[in-house]
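One structure below.
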Amino acid sequence: MKIIESIEEMQQYSIQLKSKGKTLANVSTTGFLHKGHMSLVDIAKENADEVVLNIDHVDPYYKFKQEPHKFAEYLDLYRTEQLDKDLELSRQHGVDIFFHPDIHKVYVSQINQIHANIKKLRQSYDNKIFVSPNISKSNIKDFNMMMPDVIMMGQKDIFQNLEAQFMITDFNFPIKMIMAPIVRESDGLASSSRLTSLSDSERKDARSIYQSLKELEEWTSYPSIDDIKKHIRSTIVKANGSITYIVVCCASSLEELRYIDREAVVAVEAVFGTVSLSDNIVIEPK
């Protein structure tokens with residue numbers, strides 16, 4: 001019986017098994033195995049080439065998530081008093097893979113908090129769509145239909161990119177995401193089909209979006225978020241643009257920031273004439 005503790009190793013084992021034309025059945029448990037669990041293993045063995053039994057401690061995790069020290073105590077108790085018994089019972093019933101991952105990596109999920117932060121952004125900016133409510137479902141459908149090893153996304157749609165990355169992490173998809181830099185026109189504007197709808201004067205004015213962000217990047221230190229927003233707003237308004245939103249948020253959680261104390265996304269949307277244009281940069285504390 002093979003014992004696997006790494007999520008990545010489990011994924012690679014499954015991929016290699018399938019590449020050989022073999023099938024894998026899963027019996028998912030919360031540990032403390034008994035004959036009921038083993039009856040599932042016996043049936044699984046009749047329906048697949050190999051059987052993986054995993055112990056995720058789902059119930060205890062939710063029970064003690066507000067008291068991590070108690071959860072740690074529970075895991076220690078399980079490992080010292082029960083794990084060997086579960087391993088032996090699994091061996092006796094011909095389990096092929098005993099998957100016992102680090103629970104903190106299994107439940108690293110931030111997705112609920114991410115959705116809450118996106119909701120706050122929408123409420124703060126008149127319900128502007130930073131991420132489509134259906135983007136998560138679309139991502140999962142794409143991942144399952146095409147089963148890619150790598151996905152490419154452009155930084156221009158940075159909120160969608162971050163949502164996709166959260167989905168990959170949250171659901172343990174064996175996918176590498178690469179965020180490609182924004183492609184810009186010779187005048188600095190982020191490439192967009194909307195640029196063709198600008199008049200010559202509007203296009204000249206629209207350069208103020210990237211100008212404001214570029215100047216921000218060149219500052220030797222960052223003041224408060226309010227001052228950063230004032231700079232961007234002032235630059236764009238002087239160029240005859242109207243602001244739709246200016247967002248400065250954490251690049252990991254999409255939580256709006258008060259100061260640049262971590263990697264941050266500065267995203268702007270402004271209107272010139274009747275054309276709405278967006279742009280963004282990612283900055284680090286200085």
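Ligands are numbered from 1 in the order shown, chains are lettered A, B, ... in the order of the structure tokens, and residues start at 1 in each chain.
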Contacts between stretch 118-122 of chain A and stretch 249-275 of chain A, please, where a residue of stretch 249-275 of chain A counts if it comes within 9 Å (with only C-alpha atoms); show its shortest atom pair and distance in Å to one decimal, rows by chain and ascending number, as a tab-separated table.
residue	atom	partner	partner_atom	distance
A:Leu254	CA	A:Ile118	CA	6.9
A:Glu255	CA	A:Ile118	CA	8.0
A:Glu256	CA	A:Leu121	CA	7.8
Output file for the residues above (N, CA, C and O atoms, as a CSV table (one decimal), in the first residue's frame):
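Dumped to result-v1.csv:
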chain,number,residue,atom,x,y,z
A,254,LEU,N,-8.2,40.7,-2.6
A,254,LEU,CA,-9.1,41.8,-3.1
A,254,LEU,C,-9.7,42.6,-2.0
A,254,LEU,O,-10.6,43.4,-2.3
A,255,GLU,N,-9.1,42.6,-0.8
A,255,GLU,CA,-9.6,43.5,0.2
A,255,GLU,C,-9.1,44.9,0.0
A,255,GLU,O,-7.9,45.1,-0.4
A,256,GLU,N,-9.9,45.9,0.1
A,256,GLU,CA,-9.5,47.3,-0.1
A,256,GLU,C,-8.5,47.7,0.9
A,256,GLU,O,-8.7,47.3,2.1
Quick one: DSSP alpha helix (DSSP H) residues in stretch 3-212 of chain A, as a ChimeraX atom specification? /A:7-19,35-47,58-64,68-81,83-92,103-106,111-124,135-146,158-170,200-212
Which stretch 202-253 of chain A residues have any atom within 9 Å of an atom of stretch 264-271 of chain A, and for each, what is the nearest pair of atoms with distance in Å to one decimal, counting only C-alpha atoms, rows sorted by chain and number, as CSV?
residue,atom,partner,partner_atom,distance
A:Ala206,CA,A:Val271,CA,8.3
A:Ile209,CA,A:Val268,CA,7.4
A:Leu213,CA,A:Val266,CA,7.9
A:Ile232,CA,A:Val268,CA,8.5
A:Ile236,CA,A:Ala270,CA,7.8
A:Asn240,CA,A:Val271,CA,8.9
A:Gly241,CA,A:Val271,CA,5.6
A:Ser242,CA,A:Val271,CA,5.2
A:Ile243,CA,A:Ala270,CA,4.4
A:Thr244,CA,A:Ala270,CA,5.1
A:Tyr245,CA,A:Glu269,CA,5.4
A:Ile246,CA,A:Val268,CA,4.6
A:Val247,CA,A:Ala267,CA,5.1
A:Val248,CA,A:Val266,CA,4.6
A:Cys249,CA,A:Val265,CA,5.4
A:Cys250,CA,A:Ala264,CA,4.6
A:Ala251,CA,A:Ala264,CA,4.8
A:Ser252,CA,A:Ala264,CA,8.1
Could you give me the residues within stretch 32-252 of chain A that DSSP places in strand (DSSP E), as a PDB file with C-alpha atoms, in the first residue's frame?
ATOM      1  CA  GLU A  50      -6.857   0.746  -7.892  1.00  0.00           C
ATOM      2  CA  VAL A  51      -8.503   2.219  -4.799  1.00  0.00           C
ATOM      3  CA  VAL A  52      -7.452   5.364  -2.964  1.00  0.00           C
ATOM      4  CA  LEU A  53      -8.794   5.883   0.546  1.00  0.00           C
ATOM      5  CA  ASN A  54      -8.418   9.424   1.792  1.00  0.00           C
ATOM      6  CA  ILE A  55      -8.685  10.849   5.275  1.00  0.00           C
ATOM      7  CA  ILE A  97      -3.223   4.285  -1.883  1.00  0.00           C
ATOM      8  CA  PHE A  98      -3.737   5.725   1.584  1.00  0.00           C
ATOM      9  CA  PHE A  99      -4.039   9.499   1.037  1.00  0.00           C
ATOM     10  CA  VAL A 150      -1.517  25.666 -18.188  1.00  0.00           C
ATOM     11  CA  ILE A 151      -3.963  28.531 -18.667  1.00  0.00           C
ATOM     12  CA  MET A 152      -3.027  31.958 -20.013  1.00  0.00           C
ATOM     13  CA  MET A 153      -4.788  35.125 -18.913  1.00  0.00           C
ATOM     14  CA  GLY A 154      -4.062  38.787 -19.557  1.00  0.00           C
ATOM     15  CA  LYS A 176      -0.534  26.429 -13.688  1.00  0.00           C
ATOM     16  CA  MET A 177      -1.884  29.908 -14.386  1.00  0.00           C
ATOM     17  CA  ILE A 178       0.288  32.455 -16.201  1.00  0.00           C
ATOM     18  CA  MET A 179      -0.765  36.090 -16.139  1.00  0.00           C
ATOM     19  CA  ALA A 180       0.660  37.844 -19.206  1.00  0.00           C
ATOM     20  CA  SER A 242     -14.869  60.988 -15.799  1.00  0.00           C
ATOM     21  CA  ILE A 243     -14.017  58.348 -13.219  1.00  0.00           C
ATOM     22  CA  THR A 244     -16.058  55.154 -12.988  1.00  0.00           C
ATOM     23  CA  TYR A 245     -13.925  53.656 -10.233  1.00  0.00           C
ATOM     24  CA  ILE A 246     -10.455  53.684  -8.697  1.00  0.00           C
ATOM     25  CA  VAL A 247      -9.723  50.550  -6.696  1.00  0.00           C
ATOM     26  CA  VAL A 248      -6.634  49.888  -4.587  1.00  0.00           C
ATOM     27  CA  CYS A 249      -6.833  46.413  -3.120  1.00  0.00           C
ATOM     28  CA  CYS A 250      -4.746  43.506  -1.892  1.00  0.00           C
TER      29      CYS A 250
END
A:Pro223 environment, 10 Å, only C-alpha atoms, sequence neighbours closer than 3 positions dropped, as a count of residues only: 8
Tell me, as an mmCIF file with N, CA and C atoms, in the first residue's frame, which residues lie within 12 Å of stretch 2-11 of chain A, counting only C-alpha atoms; anything in the same chain fewer than 4 positions away does not count.
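Generated output (around24.cif):
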data_model
loop_
_atom_site.group_PDB
_atom_site.id
_atom_site.type_symbol
_atom_site.label_atom_id
_atom_site.label_comp_id
_atom_site.auth_asym_id
_atom_site.auth_seq_id
_atom_site.Cartn_x
_atom_site.Cartn_y
_atom_site.Cartn_z
ATOM 1 N N ILE A 15 -2.713 10.905 -12.541
ATOM 2 C CA ILE A 15 -2.476 11.178 -13.964
ATOM 3 C C ILE A 15 -1.685 10.032 -14.601
ATOM 4 N N GLN A 16 -0.636 9.580 -13.918
ATOM 5 C CA GLN A 16 0.196 8.492 -14.444
ATOM 6 C C GLN A 16 -0.611 7.200 -14.569
ATOM 7 N N LEU A 17 -1.470 6.941 -13.585
ATOM 8 C CA LEU A 17 -2.297 5.739 -13.611
ATOM 9 C C LEU A 17 -3.226 5.750 -14.821
ATOM 10 N N LYS A 18 -3.859 6.909 -15.051
ATOM 11 C CA LYS A 18 -4.790 7.032 -16.173
ATOM 12 C C LYS A 18 -4.063 6.958 -17.512
ATOM 13 N N LEU A 24 -9.232 4.567 -11.303
ATOM 14 C CA LEU A 24 -8.995 4.797 -9.878
ATOM 15 C C LEU A 24 -10.318 5.089 -9.190
ATOM 16 N N ASN A 26 -12.282 6.090 -5.492
ATOM 17 C CA ASN A 26 -11.992 6.830 -4.266
ATOM 18 C C ASN A 26 -13.013 6.488 -3.183
ATOM 19 N N GLU A 50 -7.476 0.416 -9.172
ATOM 20 C CA GLU A 50 -6.857 0.746 -7.892
ATOM 21 C C GLU A 50 -7.838 1.558 -7.053
ATOM 22 N N VAL A 51 -7.633 1.509 -5.737
ATOM 23 C CA VAL A 51 -8.503 2.219 -4.799
ATOM 24 C C VAL A 51 -7.660 3.157 -3.945
ATOM 25 N N VAL A 52 -8.076 4.395 -3.867
ATOM 26 C CA VAL A 52 -7.452 5.364 -2.964
ATOM 27 C C VAL A 52 -8.437 5.672 -1.856
ATOM 28 N N LEU A 53 -7.995 5.517 -0.621
ATOM 29 C CA LEU A 53 -8.794 5.883 0.546
ATOM 30 C C LEU A 53 -8.169 7.136 1.135
ATOM 31 N N ASN A 54 -8.968 8.188 1.254
ATOM 32 C CA ASN A 54 -8.418 9.424 1.792
ATOM 33 C C ASN A 54 -9.046 9.772 3.126
ATOM 34 N N ILE A 55 -8.243 10.390 3.953
ATOM 35 C CA ILE A 55 -8.685 10.849 5.275
ATOM 36 C C ILE A 55 -8.448 12.346 5.335
ATOM 37 N N ASP A 56 -9.548 13.097 5.316
ATOM 38 C CA ASP A 56 -9.454 14.556 5.237
ATOM 39 C C ASP A 56 -9.859 15.277 6.524
ATOM 40 N N LEU A 83 -4.086 6.525 13.737
ATOM 41 C CA LEU A 83 -3.560 6.435 12.386
ATOM 42 C C LEU A 83 -3.029 5.039 12.063
ATOM 43 N N ASP A 84 -2.236 4.461 12.961
ATOM 44 C CA ASP A 84 -1.664 3.132 12.696
ATOM 45 C C ASP A 84 -2.764 2.077 12.535
ATOM 46 N N ASP A 86 -5.813 2.638 11.379
ATOM 47 C CA ASP A 86 -6.440 2.867 10.077
ATOM 48 C C ASP A 86 -5.561 2.359 8.943
ATOM 49 N N LEU A 87 -4.250 2.528 9.091
ATOM 50 C CA LEU A 87 -3.323 2.034 8.078
ATOM 51 C C LEU A 87 -3.385 0.508 7.983
ATOM 52 N N GLU A 88 -3.394 -0.156 9.127
ATOM 53 C CA GLU A 88 -3.404 -1.615 9.145
ATOM 54 C C GLU A 88 -4.699 -2.167 8.566
ATOM 55 N N SER A 90 -6.610 -0.712 6.417
ATOM 56 C CA SER A 90 -6.583 -0.441 4.976
ATOM 57 C C SER A 90 -5.730 -1.469 4.242
ATOM 58 N N ARG A 91 -4.594 -1.829 4.823
ATOM 59 C CA ARG A 91 -3.730 -2.850 4.212
ATOM 60 C C ARG A 91 -4.456 -4.190 4.123
ATOM 61 N N GLY A 94 -6.764 -4.389 1.194
ATOM 62 C CA GLY A 94 -6.215 -4.193 -0.138
ATOM 63 C C GLY A 94 -6.319 -2.790 -0.695
ATOM 64 N N VAL A 95 -6.362 -1.780 0.175
ATOM 65 C CA VAL A 95 -6.324 -0.398 -0.304
ATOM 66 C C VAL A 95 -4.984 -0.168 -1.008
ATOM 67 N N ASP A 96 -5.028 0.444 -2.182
ATOM 68 C CA ASP A 96 -3.784 0.663 -2.941
ATOM 69 C C ASP A 96 -3.057 1.927 -2.511
ATOM 70 N N ILE A 97 -3.824 3.003 -2.282
ATOM 71 C CA ILE A 97 -3.223 4.285 -1.883
ATOM 72 C C ILE A 97 -3.955 4.804 -0.657
ATOM 73 N N PHE A 98 -3.197 5.108 0.374
ATOM 74 C CA PHE A 98 -3.737 5.725 1.584
ATOM 75 C C PHE A 98 -3.333 7.198 1.518
ATOM 76 N N PHE A 99 -4.305 8.072 1.245
ATOM 77 C CA PHE A 99 -4.039 9.499 1.037
ATOM 78 C C PHE A 99 -4.391 10.266 2.303
ATOM 79 N N HIS A 100 -3.353 10.807 2.933
ATOM 80 C CA HIS A 100 -3.521 11.498 4.219
ATOM 81 C C HIS A 100 -2.830 12.860 4.126
ATOM 82 N N PRO A 101 -3.465 13.829 3.447
ATOM 83 C CA PRO A 101 -2.816 15.122 3.217
ATOM 84 C C PRO A 101 -2.833 16.028 4.440
ATOM 85 N N ASP A 102 -1.990 17.046 4.382
ATOM 86 C CA ASP A 102 -1.973 18.083 5.419
ATOM 87 C C ASP A 102 -3.301 18.831 5.366
ATOM 88 N N ILE A 103 -4.072 18.755 6.425
ATOM 89 C CA ILE A 103 -5.410 19.327 6.431
ATOM 90 C C ILE A 103 -5.393 20.829 6.171
ATOM 91 N N HIS A 104 -4.357 21.513 6.625
ATOM 92 C CA HIS A 104 -4.295 22.964 6.437
ATOM 93 C C HIS A 104 -4.092 23.326 4.964
ATOM 94 N N LYS A 105 -3.498 22.410 4.200
ATOM 95 C CA LYS A 105 -3.359 22.650 2.767
ATOM 96 C C LYS A 105 -4.640 22.290 2.027
ATOM 97 N N VAL A 106 -5.338 21.279 2.536
ATOM 98 C CA VAL A 106 -6.609 20.893 1.906
ATOM 99 C C VAL A 106 -7.632 22.007 2.063
ATOM 100 N N TYR A 107 -7.661 22.626 3.252
ATOM 101 C CA TYR A 107 -8.667 23.651 3.522
ATOM 102 C C TYR A 107 -8.033 25.033 3.625
ATOM 103 N N ASP A 149 -3.119 21.893 -18.648
ATOM 104 C CA ASP A 149 -2.048 21.929 -17.657
ATOM 105 C C ASP A 149 -1.663 23.369 -17.336
ATOM 106 N N THR A 169 -6.547 27.263 -6.742
ATOM 107 C CA THR A 169 -6.014 26.930 -5.422
ATOM 108 C C THR A 169 -7.079 26.269 -4.555
ATOM 109 N N PHE A 171 -9.822 24.609 -5.274
ATOM 110 C CA PHE A 171 -10.312 23.297 -5.657
ATOM 111 C C PHE A 171 -9.192 22.346 -6.097
ATOM 112 N N ASN A 172 -7.924 22.759 -5.857
ATOM 113 C CA ASN A 172 -6.779 21.892 -6.128
ATOM 114 C C ASN A 172 -6.731 21.397 -7.564
ATOM 115 N N PHE A 173 -7.060 22.271 -8.523
ATOM 116 C CA PHE A 173 -6.893 21.894 -9.922
ATOM 117 C C PHE A 173 -5.397 21.822 -10.234
ATOM 118 N N PRO A 174 -4.929 20.752 -10.905
ATOM 119 C CA PRO A 174 -3.502 20.645 -11.243
ATOM 120 C C PRO A 174 -3.177 21.505 -12.458
ATOM 121 N N ILE A 175 -3.338 22.806 -12.290
ATOM 122 C CA ILE A 175 -3.194 23.752 -13.398
ATOM 123 C C ILE A 175 -2.262 24.884 -12.980
#
Gap from atom CA of A:Ser193 to atom CA of A:Ser136 - Å, one decimal: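 Distance reported for this atom pair: 25.0 Å.
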Ranking A:Gln82, A:Asp279, A:Gln123, A:Thr235 by minimum distance to A:Gly188 and counting only C-alpha atoms, which one comes first?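 Among A:Gln82, A:Asp279, A:Gln123, A:Thr235, it is A:Asp279 that comes nearest to A:Gly188.
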Using Å and a single decimal, report how far atom CA of A:Leu216 sits from atom CA of A:Arg194.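 Separation of atom CA of A:Arg194 and atom CA of A:Leu216: 24.7 Å.
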